[in-house]
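J.: Contents of data-v5.csv (CSV, C-alpha atoms) are below:
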chain,number,residue,atom,x,y,z
M,17,MET,CA,14.9,0.9,-20.8
M,18,PRO,CA,11.4,2.4,-21.2
M,19,THR,CA,9.0,-0.5,-21.3
M,20,TYR,CA,5.2,-0.4,-21.4
M,21,ASN,CA,2.3,-2.7,-20.8
M,22,ALA,CA,1.5,-4.2,-24.2
M,23,ALA,CA,-2.2,-3.8,-23.7
M,24,ASP,CA,-1.8,0.0,-23.1
M,25,TYR,CA,-0.6,0.8,-26.6
M,26,ILE,CA,-1.9,0.2,-30.1
M,27,GLU,CA,0.8,-0.6,-32.6
M,28,THR,CA,0.0,0.2,-36.2
M,29,ASP,CA,1.5,-1.6,-39.2
M,30,THR,CA,3.8,1.3,-39.9
M,31,GLY,CA,5.2,1.0,-36.4
M,32,ASN,CA,3.4,3.8,-34.7
M,33,LYS,CA,2.7,3.2,-31.0
M,34,VAL,CA,-0.3,5.1,-29.8
M,35,SER,CA,-1.4,4.9,-26.2
M,36,ARG,CA,-4.9,3.9,-25.6
M,37,LYS,CA,-5.2,6.6,-23.0
M,38,SER,CA,-4.3,9.3,-25.4
M,39,ASN,CA,-7.1,11.5,-26.8
M,40,ILE,CA,-7.0,11.6,-30.5
M,41,CYS,CA,-9.8,13.7,-31.9
M,42,GLY,CA,-10.6,13.5,-35.6
M,43,ALA,CA,-8.1,10.6,-36.3
M,44,VAL,CA,-9.0,10.6,-39.9
M,45,ASN,CA,-7.3,14.0,-40.3
M,46,ILE,CA,-4.1,13.0,-38.6
M,47,ILE,CA,-1.1,11.5,-40.3
M,48,LEU,CA,1.6,9.7,-38.4
M,49,GLY,CA,4.8,9.1,-40.2
M,50,GLY,CA,5.7,5.7,-38.8
M,51,LYS,CA,7.6,4.6,-35.7
M,52,THR,CA,6.1,7.5,-33.8
M,53,ILE,CA,5.2,7.1,-30.1
M,54,ILE,CA,2.2,8.9,-28.6
M,55,LYS,CA,2.2,8.7,-24.8
M,56,PRO,CA,-0.9,8.6,-22.5
M,57,SER,CA,-3.0,11.7,-21.9
M,58,ALA,CA,-1.7,13.3,-25.0
M,59,ILE,CA,-4.3,15.2,-26.9
M,60,ILE,CA,-4.1,15.7,-30.6
M,61,ARG,CA,-6.9,17.8,-32.2
M,62,GLY,CA,-7.4,16.4,-35.6
M,63,ASP,CA,-10.9,17.7,-35.6
M,64,LEU,CA,-9.8,21.3,-36.0
M,65,ARG,CA,-9.2,21.1,-39.7
M,66,ARG,CA,-9.5,23.6,-42.5
M,67,ALA,CA,-13.1,24.3,-43.2
M,68,GLY,CA,-14.5,23.0,-46.4
M,69,PRO,CA,-16.2,19.9,-47.8
M,70,GLN,CA,-13.1,18.2,-49.0
M,71,GLN,CA,-10.8,16.0,-46.9
M,72,ALA,CA,-8.1,18.0,-45.1
M,73,ILE,CA,-5.2,17.0,-42.9
M,74,ALA,CA,-5.1,18.9,-39.6
M,75,VAL,CA,-2.0,17.4,-38.0
M,76,SER,CA,0.8,15.6,-39.8
M,77,ILE,CA,3.6,14.1,-37.7
M,78,GLY,CA,6.8,12.6,-39.1
M,79,LYS,CA,8.7,9.5,-38.2
M,80,TYR,CA,10.5,8.6,-35.0
M,81,CYS,CA,8.7,11.3,-33.2
M,82,MET,CA,7.7,11.1,-29.5
M,83,ILE,CA,4.8,13.1,-28.2
M,84,GLY,CA,5.1,13.1,-24.4
M,85,GLU,CA,2.5,12.6,-21.7
M,86,GLY,CA,-0.2,15.2,-21.4
M,87,CYS,CA,0.9,17.2,-24.5
M,88,VAL,CA,-1.7,19.1,-26.5
M,89,VAL,CA,-1.0,19.4,-30.2
M,90,ARG,CA,-3.6,21.6,-31.8
M,91,PRO,CA,-3.6,23.6,-35.1
M,92,ALA,CA,-3.6,27.4,-34.9
M,93,TYR,CA,-6.4,29.6,-36.2
M,94,LYS,CA,-6.7,33.0,-37.7
M,95,THR,CA,-8.9,35.1,-39.9
M,96,TYR,CA,-7.4,35.6,-43.3
M,97,LYS,CA,-9.2,37.9,-45.8
M,98,GLY,CA,-12.4,37.6,-43.9
M,99,THR,CA,-12.4,33.8,-43.6
M,100,PHE,CA,-11.8,32.1,-40.4
M,101,SER,CA,-9.9,28.8,-40.5
M,102,TYR,CA,-7.6,26.5,-38.7
M,103,TYR,CA,-4.3,26.0,-40.4
M,104,PRO,CA,-2.7,22.5,-40.5
M,105,ILE,CA,0.3,21.8,-38.3
M,106,LYS,CA,3.2,19.9,-39.8
M,107,ILE,CA,5.7,18.2,-37.5
M,108,SER,CA,8.7,16.7,-39.3
M,109,ASP,CA,10.8,13.7,-38.4
M,110,HIS,CA,12.8,13.0,-35.2
M,111,VAL,CA,10.9,15.5,-33.1
M,112,SER,CA,10.5,14.8,-29.4
M,113,ILE,CA,8.0,16.8,-27.4
M,114,GLY,CA,8.3,16.7,-23.6
M,115,ALA,CA,5.5,16.1,-21.2
M,116,GLY,CA,2.8,18.7,-20.7
M,117,SER,CA,3.7,21.0,-23.6
M,118,VAL,CA,1.1,22.8,-25.6
M,119,ILE,CA,2.0,23.1,-29.3
M,120,GLU,CA,0.0,25.5,-31.5
M,121,ALA,CA,2.7,26.0,-34.1
M,122,ALA,CA,2.4,26.1,-37.8
M,123,ALA,CA,5.5,24.0,-38.6
M,124,ILE,CA,8.2,22.2,-36.7
M,125,GLY,CA,11.3,21.0,-38.6
M,126,ASN,CA,13.4,17.9,-38.3
M,127,HIS,CA,15.5,16.9,-35.4
M,128,VAL,CA,13.8,19.2,-32.9
M,129,GLU,CA,13.9,18.6,-29.1
M,130,ILE,CA,11.2,20.3,-27.2
M,131,GLY,CA,11.3,20.3,-23.4
M,132,LYS,CA,8.6,19.8,-20.8
M,133,ASN,CA,5.8,22.3,-20.1
M,134,VAL,CA,6.7,24.3,-23.1
M,135,ILE,CA,4.1,26.6,-24.7
M,136,ILE,CA,4.6,27.1,-28.4
M,137,GLY,CA,2.4,30.0,-29.6
M,138,ARG,CA,0.3,30.3,-32.7
M,139,PHE,CA,1.9,30.2,-36.1
M,140,VAL,CA,5.4,29.7,-34.7
M,141,VAL,CA,7.8,28.2,-37.3
M,142,ILE,CA,10.6,26.1,-35.9
M,143,LYS,CA,13.3,25.2,-38.3
M,144,ASP,CA,15.5,22.0,-38.2
M,145,CYS,CA,17.9,21.0,-35.4
M,146,VAL,CA,16.5,23.2,-32.7
M,147,LYS,CA,16.3,22.7,-29.0
M,148,ILE,CA,13.7,24.3,-26.8
M,149,ALA,CA,14.4,24.3,-23.1
M,150,ASP,CA,11.9,23.2,-20.4
M,151,ASN,CA,9.2,25.7,-19.4
M,152,ALA,CA,9.9,28.0,-22.4
M,153,VAL,CA,7.1,30.1,-23.7
M,154,ILE,CA,7.4,31.0,-27.3
M,155,ALA,CA,5.5,34.0,-28.5
M,156,PRO,CA,3.2,33.7,-31.4
M,157,ASN,CA,4.5,34.1,-35.0
M,158,THR,CA,8.1,33.6,-33.9
M,159,VAL,CA,10.5,32.0,-36.4
M,160,ILE,CA,13.2,29.9,-34.7
M,161,PRO,CA,16.2,29.5,-36.9
M,162,SER,CA,18.1,26.2,-37.3
M,163,PHE,CA,20.7,25.1,-34.8
M,164,SER,CA,19.5,27.4,-32.0
M,165,HIS,CA,18.7,26.8,-28.4
M,166,PHE,CA,15.8,28.8,-27.1
M,167,ALA,CA,14.8,29.2,-23.4
M,168,GLY,CA,12.8,31.6,-21.2
M,169,SER,CA,9.5,33.2,-21.1
M,170,PRO,CA,9.2,34.9,-23.6
M,171,ALA,CA,11.7,32.6,-25.2
M,172,HIS,CA,14.9,34.0,-26.7
M,173,HIS,CA,18.0,32.6,-28.3
M,174,ILE,CA,20.5,31.5,-25.7
M,175,GLU,CA,23.1,29.6,-27.7
M,176,ASP,CA,23.9,28.0,-31.0
M,177,LEU,CA,24.0,24.2,-31.3
M,178,PRO,CA,26.8,22.4,-32.9
M,179,GLU,CA,26.5,20.8,-36.4
M,180,VAL,CA,26.6,17.3,-34.9
M,181,THR,CA,23.1,18.0,-33.3
M,182,GLN,CA,21.4,16.4,-36.3
M,183,ASP,CA,23.2,13.1,-35.9
M,184,LEU,CA,22.8,13.2,-32.1
M,185,VAL,CA,19.1,13.8,-32.2
M,186,GLU,CA,18.5,11.3,-35.0
M,187,ALA,CA,20.4,8.6,-33.1
M,188,ALA,CA,18.6,9.5,-29.8
M,189,SER,CA,15.1,9.2,-31.4
M,190,LYS,CA,15.9,6.0,-33.1
M,191,SER,CA,17.4,4.4,-30.1
M,192,TYR,CA,14.4,5.6,-27.9
M,193,TYR,CA,12.0,3.9,-30.3
M,194,GLN,CA,13.9,0.7,-30.5
M,195,SER,CA,14.2,0.4,-26.7
M,196,PHE,CA,10.5,1.3,-26.2
M,197,ARG,CA,9.2,-2.2,-26.1
M,198,PRO,CA,6.4,-4.1,-24.3
M,199,ALA,CA,7.4,-5.4,-21.0
M,200,ALA,CA,8.3,-9.1,-21.2
M,201,ALA,CA,5.2,-11.3,-20.6
M,202,GLY,CA,5.2,-13.1,-17.2
V,11,MET,CA,-10.8,11.5,-9.9
V,12,ALA,CA,-12.5,11.8,-6.5
V,13,PRO,CA,-16.3,11.9,-6.7
V,14,THR,CA,-17.9,15.3,-6.7
V,15,SER,CA,-18.1,17.0,-3.3
V,16,SER,CA,-20.8,19.6,-4.2
V,17,SER,CA,-23.1,20.5,-1.5
V,18,SER,CA,-26.0,18.5,-2.9
V,19,GLY,CA,-23.8,15.6,-3.9
V,20,VAL,CA,-25.6,15.5,-7.3
V,21,ASP,CA,-24.6,17.1,-10.6
V,22,LYS,CA,-27.1,19.6,-11.8
V,23,ILE,CA,-26.0,20.7,-15.2
V,24,THR,CA,-28.3,23.0,-17.2
V,25,VAL,CA,-27.2,23.5,-20.7
V,26,HIS,CA,-29.0,25.9,-23.0
V,27,ALA,CA,-30.4,24.4,-26.2
V,28,LYS,CA,-28.0,26.2,-28.4
V,29,ALA,CA,-24.8,25.4,-26.4
V,30,ILE,CA,-22.5,22.7,-27.5
V,31,VAL,CA,-20.9,20.5,-24.8
V,32,CYS,CA,-18.7,17.6,-25.7
V,33,GLN,CA,-19.2,14.4,-24.0
V,34,ASP,CA,-15.6,14.1,-22.9
V,35,ALA,CA,-15.8,17.3,-20.9
V,36,ASP,CA,-15.7,16.7,-17.1
V,37,LEU,CA,-18.6,18.7,-15.6
V,38,ARG,CA,-19.4,18.4,-11.9
V,39,GLY,CA,-21.7,20.2,-9.6
V,40,ASP,CA,-24.3,22.9,-10.3
V,41,ILE,CA,-23.4,24.4,-13.6
V,42,THR,CA,-25.4,26.5,-16.0
V,43,ILE,CA,-24.2,27.0,-19.5
V,44,GLY,CA,-25.5,29.8,-21.6
V,45,SER,CA,-26.7,29.9,-25.2
V,46,GLY,CA,-24.1,29.4,-27.9
V,47,THR,CA,-21.3,28.5,-25.6
V,48,VAL,CA,-18.9,25.8,-26.8
V,49,ILE,CA,-17.3,23.4,-24.3
V,50,GLN,CA,-14.6,21.5,-26.1
V,51,PRO,CA,-13.6,17.9,-25.2
V,52,ARG,CA,-11.4,17.1,-22.2
V,53,CYS,CA,-11.9,20.3,-20.3
V,54,THR,CA,-13.0,20.5,-16.7
V,55,ILE,CA,-15.7,22.5,-15.0
V,56,LEU,CA,-15.9,21.8,-11.3
V,57,ALA,CA,-18.6,23.5,-9.2
V,58,VAL,CA,-17.3,21.6,-6.2
V,59,SER,CA,-18.5,23.9,-3.5
V,60,GLY,CA,-20.7,26.5,-5.2
V,61,PRO,CA,-22.5,26.8,-8.5
V,62,ILE,CA,-21.0,28.2,-11.7
V,63,VAL,CA,-22.9,30.1,-14.3
V,64,ILE,CA,-21.3,30.5,-17.7
V,65,GLY,CA,-22.7,33.2,-20.0
V,66,PRO,CA,-23.5,32.9,-23.7
V,67,ASN,CA,-20.9,32.6,-26.5
V,68,CYS,CA,-18.0,31.5,-24.4
V,69,ILE,CA,-15.4,29.0,-25.6
V,70,VAL,CA,-13.7,26.6,-23.2
V,71,GLU,CA,-10.8,24.7,-24.8
V,72,GLU,CA,-9.4,21.3,-23.9
V,73,THR,CA,-7.7,20.9,-20.6
V,74,ALA,CA,-9.0,24.3,-19.4
V,75,ALA,CA,-10.3,24.1,-15.8
V,76,ILE,CA,-12.9,26.4,-14.3
V,77,VAL,CA,-13.2,25.6,-10.7
V,78,ASN,CA,-15.3,27.1,-7.9
V,79,ARG,CA,-14.1,26.2,-4.5
V,80,ARG,CA,-16.2,28.9,-2.7
V,81,LYS,CA,-19.8,28.6,-1.6
V,82,GLU,CA,-20.8,31.7,-3.5
V,83,LEU,CA,-21.9,31.7,-7.1
V,84,MET,CA,-19.2,32.0,-9.7
V,85,THR,CA,-20.4,34.1,-12.7
V,86,ILE,CA,-18.8,34.2,-16.0
V,87,GLY,CA,-20.0,36.7,-18.6
V,88,THR,CA,-20.3,36.5,-22.3
V,89,GLU,CA,-17.8,35.9,-25.1
V,90,ASN,CA,-14.9,34.8,-22.9
V,91,LEU,CA,-12.2,32.5,-24.3
V,92,PHE,CA,-10.6,30.0,-22.0
V,93,GLU,CA,-7.6,28.6,-23.9
V,94,THR,CA,-5.8,25.2,-23.5
V,95,GLY,CA,-4.6,24.4,-20.0
V,96,SER,CA,-5.9,27.6,-18.3
V,97,ARG,CA,-7.1,27.4,-14.8
V,98,VAL,CA,-9.5,30.0,-13.6
V,99,GLU,CA,-11.0,30.2,-10.1
V,100,SER,CA,-12.0,33.9,-10.1
V,101,PRO,CA,-15.5,34.4,-8.5
V,102,SER,CA,-16.7,36.8,-11.1
V,103,ILE,CA,-15.6,37.3,-14.7
V,104,GLY,CA,-16.9,39.9,-17.1
V,105,ASP,CA,-17.2,39.8,-20.8
V,106,ARG,CA,-14.9,39.4,-23.7
V,107,ASN,CA,-11.9,38.3,-21.7
V,108,VAL,CA,-9.1,36.0,-23.0
V,109,PHE,CA,-7.4,33.6,-20.7
V,110,SER,CA,-4.4,32.4,-22.7
V,111,VAL,CA,-2.7,29.0,-22.7
V,112,ARG,CA,-1.9,27.7,-19.2
V,113,CYS,CA,-2.6,30.9,-17.3
V,114,ARG,CA,-3.9,30.7,-13.7
V,115,VAL,CA,-6.2,33.1,-12.0
V,116,SER,CA,-6.5,33.1,-8.2
V,117,PRO,CA,-9.9,32.9,-6.5
V,118,LEU,CA,-9.1,36.2,-4.8
V,119,VAL,CA,-9.1,38.2,-8.1
V,120,ARG,CA,-12.2,39.4,-9.8
V,121,ILE,CA,-11.9,40.0,-13.5
V,122,GLY,CA,-13.7,42.8,-15.3
V,123,SER,CA,-14.3,43.0,-19.0
V,124,ASP,CA,-12.0,43.0,-22.0
V,125,THR,CA,-9.0,41.8,-20.1
V,126,PHE,CA,-6.2,39.7,-21.6
V,127,ILE,CA,-4.2,37.3,-19.6
V,128,ASP,CA,-1.1,36.1,-21.4
V,129,ALA,CA,0.2,32.6,-21.7
V,130,GLY,CA,1.5,31.1,-18.5
V,131,CYS,CA,0.8,34.1,-16.3
V,132,VAL,CA,-0.3,33.6,-12.7
V,133,VAL,CA,-2.7,36.3,-11.6
V,134,LEU,CA,-2.6,36.9,-7.9
V,135,PRO,CA,-4.1,39.8,-6.0
V,136,LEU,CA,-1.7,42.7,-5.1
V,137,PRO,CA,0.2,42.8,-2.9
V,138,SER,CA,1.5,39.3,-3.6
V,139,PRO,CA,4.9,37.9,-2.6
V,140,SER,CA,6.4,39.0,-5.9
V,141,THR,CA,5.4,42.6,-5.4
V,142,ALA,CA,6.0,42.7,-1.6
V,143,ALA,CA,9.7,43.6,-2.2
V,144,LEU,CA,8.6,46.6,-4.2
V,145,ILE,CA,6.2,47.7,-1.5
V,146,SER,CA,8.7,47.3,1.3
V,147,SER,CA,11.1,49.6,-0.5
V,148,SER,CA,8.6,52.5,-0.6
V,149,THR,CA,6.6,52.2,2.6
V,150,PRO,CA,7.7,51.2,6.1
V,151,THR,CA,6.3,47.9,7.4
V,152,PRO,CA,3.5,48.3,10.0
V,153,ALA,CA,4.5,46.8,13.3
V,154,SER,CA,1.3,44.7,13.6
V,155,SER,CA,1.4,42.5,10.6
V,156,ALA,CA,-0.9,39.6,10.5
V,157,PRO,CA,0.9,36.3,10.9
V,158,GLY,CA,1.6,34.6,7.7
V,159,THR,CA,2.2,38.0,5.9
V,160,PRO,CA,4.9,37.5,3.3
V,161,ALA,CA,8.0,38.9,5.0
V,162,LEU,CA,7.9,42.5,3.7
V,163,SER,CA,11.3,43.2,5.0
V,164,SER,CA,12.9,40.2,3.4
V,165,ALA,CA,14.9,40.9,0.3
V,166,THR,CA,13.7,37.8,-1.6
V,167,PRO,CA,10.5,38.3,-3.5
V,168,SER,CA,9.3,34.7,-3.0
V,169,VAL,CA,8.3,33.3,0.3
V,170,PRO,CA,8.6,29.5,0.5
V,171,GLY,CA,5.7,27.9,2.2
V,172,THR,CA,3.2,30.6,1.3
V,173,PRO,CA,0.3,28.8,-0.5
V,174,LEU,CA,-0.1,30.1,-4.0
V,175,PHE,CA,-3.8,30.7,-3.8
V,176,GLY,CA,-4.1,31.0,0.0
V,177,ALA,CA,-5.5,34.0,1.8
V,178,SER,CA,-2.4,34.5,3.7
V,179,ALA,CA,-1.1,37.6,1.9
V,180,GLY,CA,-2.7,40.2,4.0
V,181,ALA,CA,-1.8,43.3,5.8
V,182,ALA,CA,-4.8,44.8,7.6
V,183,GLN,CA,-7.6,43.4,5.5
V,184,PRO,CA,-8.7,39.8,6.3
V,185,GLN,CA,-9.7,39.4,2.6
V,186,MET,CA,-7.2,40.2,0.0
V,187,GLU,CA,-9.6,40.4,-2.9
V,188,GLU,CA,-8.8,42.5,-5.8
V,189,THR,CA,-10.8,43.5,-8.9
V,190,LEU,CA,-8.9,43.9,-12.0
V,191,PRO,CA,-9.9,47.1,-13.9
V,192,ASN,CA,-11.5,46.7,-17.4
V,193,ARG,CA,-9.1,46.3,-20.3
V,194,THR,CA,-6.2,45.1,-18.1
V,195,ALA,CA,-3.5,43.1,-19.9
V,196,VAL,CA,-1.4,40.7,-17.8
V,197,PHE,CA,1.8,39.6,-19.4
V,198,GLY,CA,5.3,38.4,-18.9
V,199,SER,CA,6.7,35.8,-16.6
V,200,ASP,CA,6.3,38.1,-13.6
V,201,ALA,CA,2.6,38.9,-14.4
V,202,ARG,CA,3.1,42.6,-15.1
V,203,ARG,CA,-0.1,44.6,-15.7
V,204,ARG,CA,-1.1,47.4,-17.9
V,205,VAL,CA,-4.4,48.8,-19.2
V,206,TRP,CA,-4.7,48.7,-22.9
V,207,SER,CA,-6.5,51.3,-25.0
V,208,GLY,CA,-9.3,49.1,-26.2
V,209,GLU,CA,-8.1,49.3,-29.9
V,210,GLY,CA,-8.8,46.2,-31.8
V,211,GLN,CA,-11.7,45.2,-29.7
V,212,GLY,CA,-14.1,45.0,-32.7
V,213,GLN,CA,-11.7,42.7,-34.5
V,214,GLN,CA,-11.3,40.5,-31.5
V,215,ARG,CA,-15.1,40.2,-31.1
V,216,ALA,CA,-15.5,39.4,-34.8
V,217,LEU,CA,-12.7,36.7,-34.5
V,218,LEU,CA,-14.5,35.1,-31.6
V,219,ALA,CA,-17.8,35.2,-33.4
V,220,LYS,CA,-16.3,33.4,-36.4
V,221,HIS,CA,-14.5,31.0,-34.1
V,222,LEU,CA,-17.8,30.0,-32.5
V,223,GLU,CA,-19.5,29.6,-35.8
V,224,TYR,CA,-16.7,27.3,-37.0
V,225,LEU,CA,-16.7,25.2,-33.8
V,226,ARG,CA,-20.5,24.8,-33.9
V,227,GLU,CA,-20.2,23.5,-37.3
V,228,MET,CA,-17.1,21.3,-37.0
V,229,LEU,CA,-17.1,19.9,-33.5
V,230,PRO,CA,-20.2,17.8,-33.8
V,231,LYS,CA,-18.7,16.0,-36.8
V,232,TYR,CA,-15.8,14.6,-34.9
V,233,ASN,CA,-16.9,14.6,-31.2
V,234,ARG,CA,-19.8,13.1,-29.4
V,235,LEU,CA,-21.9,15.8,-27.8
V,236,ARG,CA,-23.5,15.6,-24.4
V,237,LEU,CA,-27.2,14.9,-24.6
V,238,ASN,CA,-29.4,16.9,-22.4
I'd like the structure from this file rewritten - as structure tokens, please.
T.:
Amino acid sequence: MPTYNAADYIETDTGNKVSRKSNICGAVNIILGGKTIIKPSAIIRGDLRRAGPQQAIAVSIGKYCMIGEGCVVRPAYKTYKGTFSYYPIKISDHVSIGAGSVIEAAAIGNHVEIGKNVIIGRFVVIKDCVKIADNAVIAPNTVIPSFSHFAGSPAHHIEDLPEVTQDLVEAASKSYYQSFRPAAAG
Amino acid sequence: MAPTSSSSGVDKITVHAKAIVCQDADLRGDITIGSGTVIQPRCTILAVSGPIVIGPNCIVEETAAIVNRRKELMTIGTENLFETGSRVESPSIGDRNVFSVRCRVSPLVRIGSDTFIDAGCVVLPLPSPSTAALISSSTPTPASSAPGTPALSSATPSVPGTPLFGASAGAAQPQMEETLPNRTAVFGSDARRRVWSGEGQGQQRALLAKHLEYLREMLPKYNRLRLN
């Protein structure tokens, strides 16, 4: 039963629980989908947004996500047709990211479980229902197909996941959020 | 974190007028930061035993750590990129190097210019425990090995108990320092090396220049900068 000290987390009205010890840069450019947990020491770089005068979203995270301790979520950059820019990172629903991972991907789909100390390279696209094993290093520009389990450094496909993965991951992320509650006072 | 143990006990941080240092960055000891360098939030530069000089136009990303645990000066050249989570202790670094996400460089390795260290690689001086097995298969072990030498005759490449960045991996030399040649690329989970041809260098420099321009414009909007 993961409990936390109520003073350590900020709870928003959409149910997001953000640790006070996490480092959110450029919060105005970050969208959290609701009922998402951000653990202490996580760093989310919302300040690295697409250049330009207008408002731009740098990081968008879905609902029932869990960003583990010490994770770094930062957009990826490249020069396209002579212009340098950071491209927004979009993380969908029910994604759990293990402690210490560094995520520089372009997009992560629904129902993805990412292990601890994973390095996800630039412009990686992860489709739905994927599992990334602990300590994997995913090379830049990889596209990871749905229902695959990737491991290793550089990461490669090791097995297919069953169709029931979607229901399992959804149930796990919802139950984690529901059991993540402040420790009883006193 | 423990208070700084630099020799003077006082932080002496010299930042060039055109450099951008975020307030969140943890800088301790005698550090000199060159013109145009960008130090992003939440990185660590520890000149605990000796001073560090960082050249112009470098980028140090969040959670990167540049640590000098030796008494001698640690010099870093121009246009280097220290990506997220990298940990560099090398005593001298040249120009235009890229230290990728979560790589680690031993204090016994000196880095030239234009090298690329891939994500997660640990750069140790040769011979290191992982290459000792290769060496043992080609040359006979000298009888008088220094104590603490990784067991060259053992079949296993890793020796438990050998400190990762310790100076214990030695045959005859007391210092196991190594200088990486220019244009070395270190890659793979076993930190293999090769020398690349230098193609694409111009594009890499242009990318870094544009990256710096972007950061100089964007970082002050969202992060508090360190006042000199």
J.: Distance limit 6 Å, atoms considered: all atoms listed in the file. Which chain M residues sit that close to chain V? Return them as a PDB file with C-alpha atoms, in the frame of the given file.
T.:
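The resulting file, out.pdb, is shown below:
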ATOM      1  CA  GLY M  42     -10.600  13.500 -35.600  1.00  0.00           C
ATOM      2  CA  ASP M  63     -10.900  17.700 -35.600  1.00  0.00           C
ATOM      3  CA  SER M 169       9.500  33.200 -21.100  1.00  0.00           C
TER       4      SER M 169
END
J.: Using all atoms listed in the file, which of M:Ile77, M:Val44, M:Ala58, M:Leu184 sits nearest Asn32 (chain M)?
T.: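 Closest residue, counting all atoms listed in the file: M:Ile77.
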J.: From the set M:Pro104, M:Val111, M:Arg90, M:Asp176, which residue has the shortest atom-to-atom contact distance to Gly137 (chain M), counting all atoms listed in the file?
T.: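 When distances to Gly137 (chain M) are compared using all atoms listed in the file, the smallest one comes from M:Arg90.
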J.: Grab the CA of Gly49 (chain M) to CA of Ile135 (chain M) distance for me, in Å with one decimal place.
T.: 23.4 Å
J.: Would you kindly return, as a VMD selection string, each protein, DNA or RNA residue with an atom no farther than 12 Å from any atom of Arg203 (chain V), considering all atoms listed in the file and excluding same-chain residues fewer than 3 positions away?
T.: chain V and resid 125 to 128 131 to 136 141 190 to 200 206
J.: I need the residue nearest Thr47 (chain V) from this list: V:Met186, V:Leu222, V:Ile76, V:Ala201. Use only C-alpha atoms for the distance.
T.: V:Leu222
J.: Taking every listed atom of region 185-199 of chain M and adding 6 Å to each side, what centre and edge lengths in Å (one decimal) does the axis-aligned box have, as JSON?
T.:
{"center_x": 13.4, "center_y": 4.2, "center_z": -28.0, "size_x": 26.0, "size_y": 31.2, "size_z": 26.0}
J.: Suppose you want the space between CA of Thr54 (chain V) and CA of Tyr25 (chain M); what is it in Å?
T.: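 Separation between CA of Thr54 (chain V) and CA of Tyr25 (chain M): 25.3 Å.
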J.: For a cutoff of 6 Å around the file-coordinate point (-19.6, 38.6, -12.7), which residues qualify once you count only C-alpha atoms? I'd like the result as a PyMOL selection string.
T.: chain V and resi 85-86+102-104
J.: Quick check, in Å to one decimal: how far apart do CA of Asn107 (chain V) and CA of Glu89 (chain V) lie?
T.: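 CA of Glu89 (chain V) lies 7.2 Å from CA of Asn107 (chain V).
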J.: Pick out the residues sitting within 7 Å of Phe92 (chain V), and hand them over as an mmCIF file with C-alpha atoms, in the frame of the given file; count only C-alpha atoms, and ignore anything fewer than 5 positions along from it in its own chain.
T.:
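Final file, selection.cif:
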data_model
loop_
_atom_site.group_PDB
_atom_site.id
_atom_site.type_symbol
_atom_site.label_atom_id
_atom_site.label_comp_id
_atom_site.auth_asym_id
_atom_site.auth_seq_id
_atom_site.Cartn_x
_atom_site.Cartn_y
_atom_site.Cartn_z
ATOM 1 C CA ILE V 69 -15.400 29.000 -25.600
ATOM 2 C CA VAL V 70 -13.700 26.600 -23.200
ATOM 3 C CA GLU V 71 -10.800 24.700 -24.800
ATOM 4 C CA ALA V 74 -9.000 24.300 -19.400
ATOM 5 C CA VAL V 108 -9.100 36.000 -23.000
ATOM 6 C CA PHE V 109 -7.400 33.600 -20.700
ATOM 7 C CA SER V 110 -4.400 32.400 -22.700
#
J.: Nearest to Ala23 (chain M) among M:Lys132, M:His165, M:Arg138, M:Arg36, with distances taken over all atoms listed in the file: which residue is it?
T.: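 When distances to Ala23 (chain M) are compared using all atoms listed in the file, the smallest one comes from M:Arg36.
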J.: Using only C-alpha atoms, which residue out of V:Gln50, V:His26, V:Gln211, V:Cys32 lies closest to Leu64 (chain M)?
T.: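 Among V:Gln50, V:His26, V:Gln211, V:Cys32, it is V:Gln50 that comes nearest to Leu64 (chain M).
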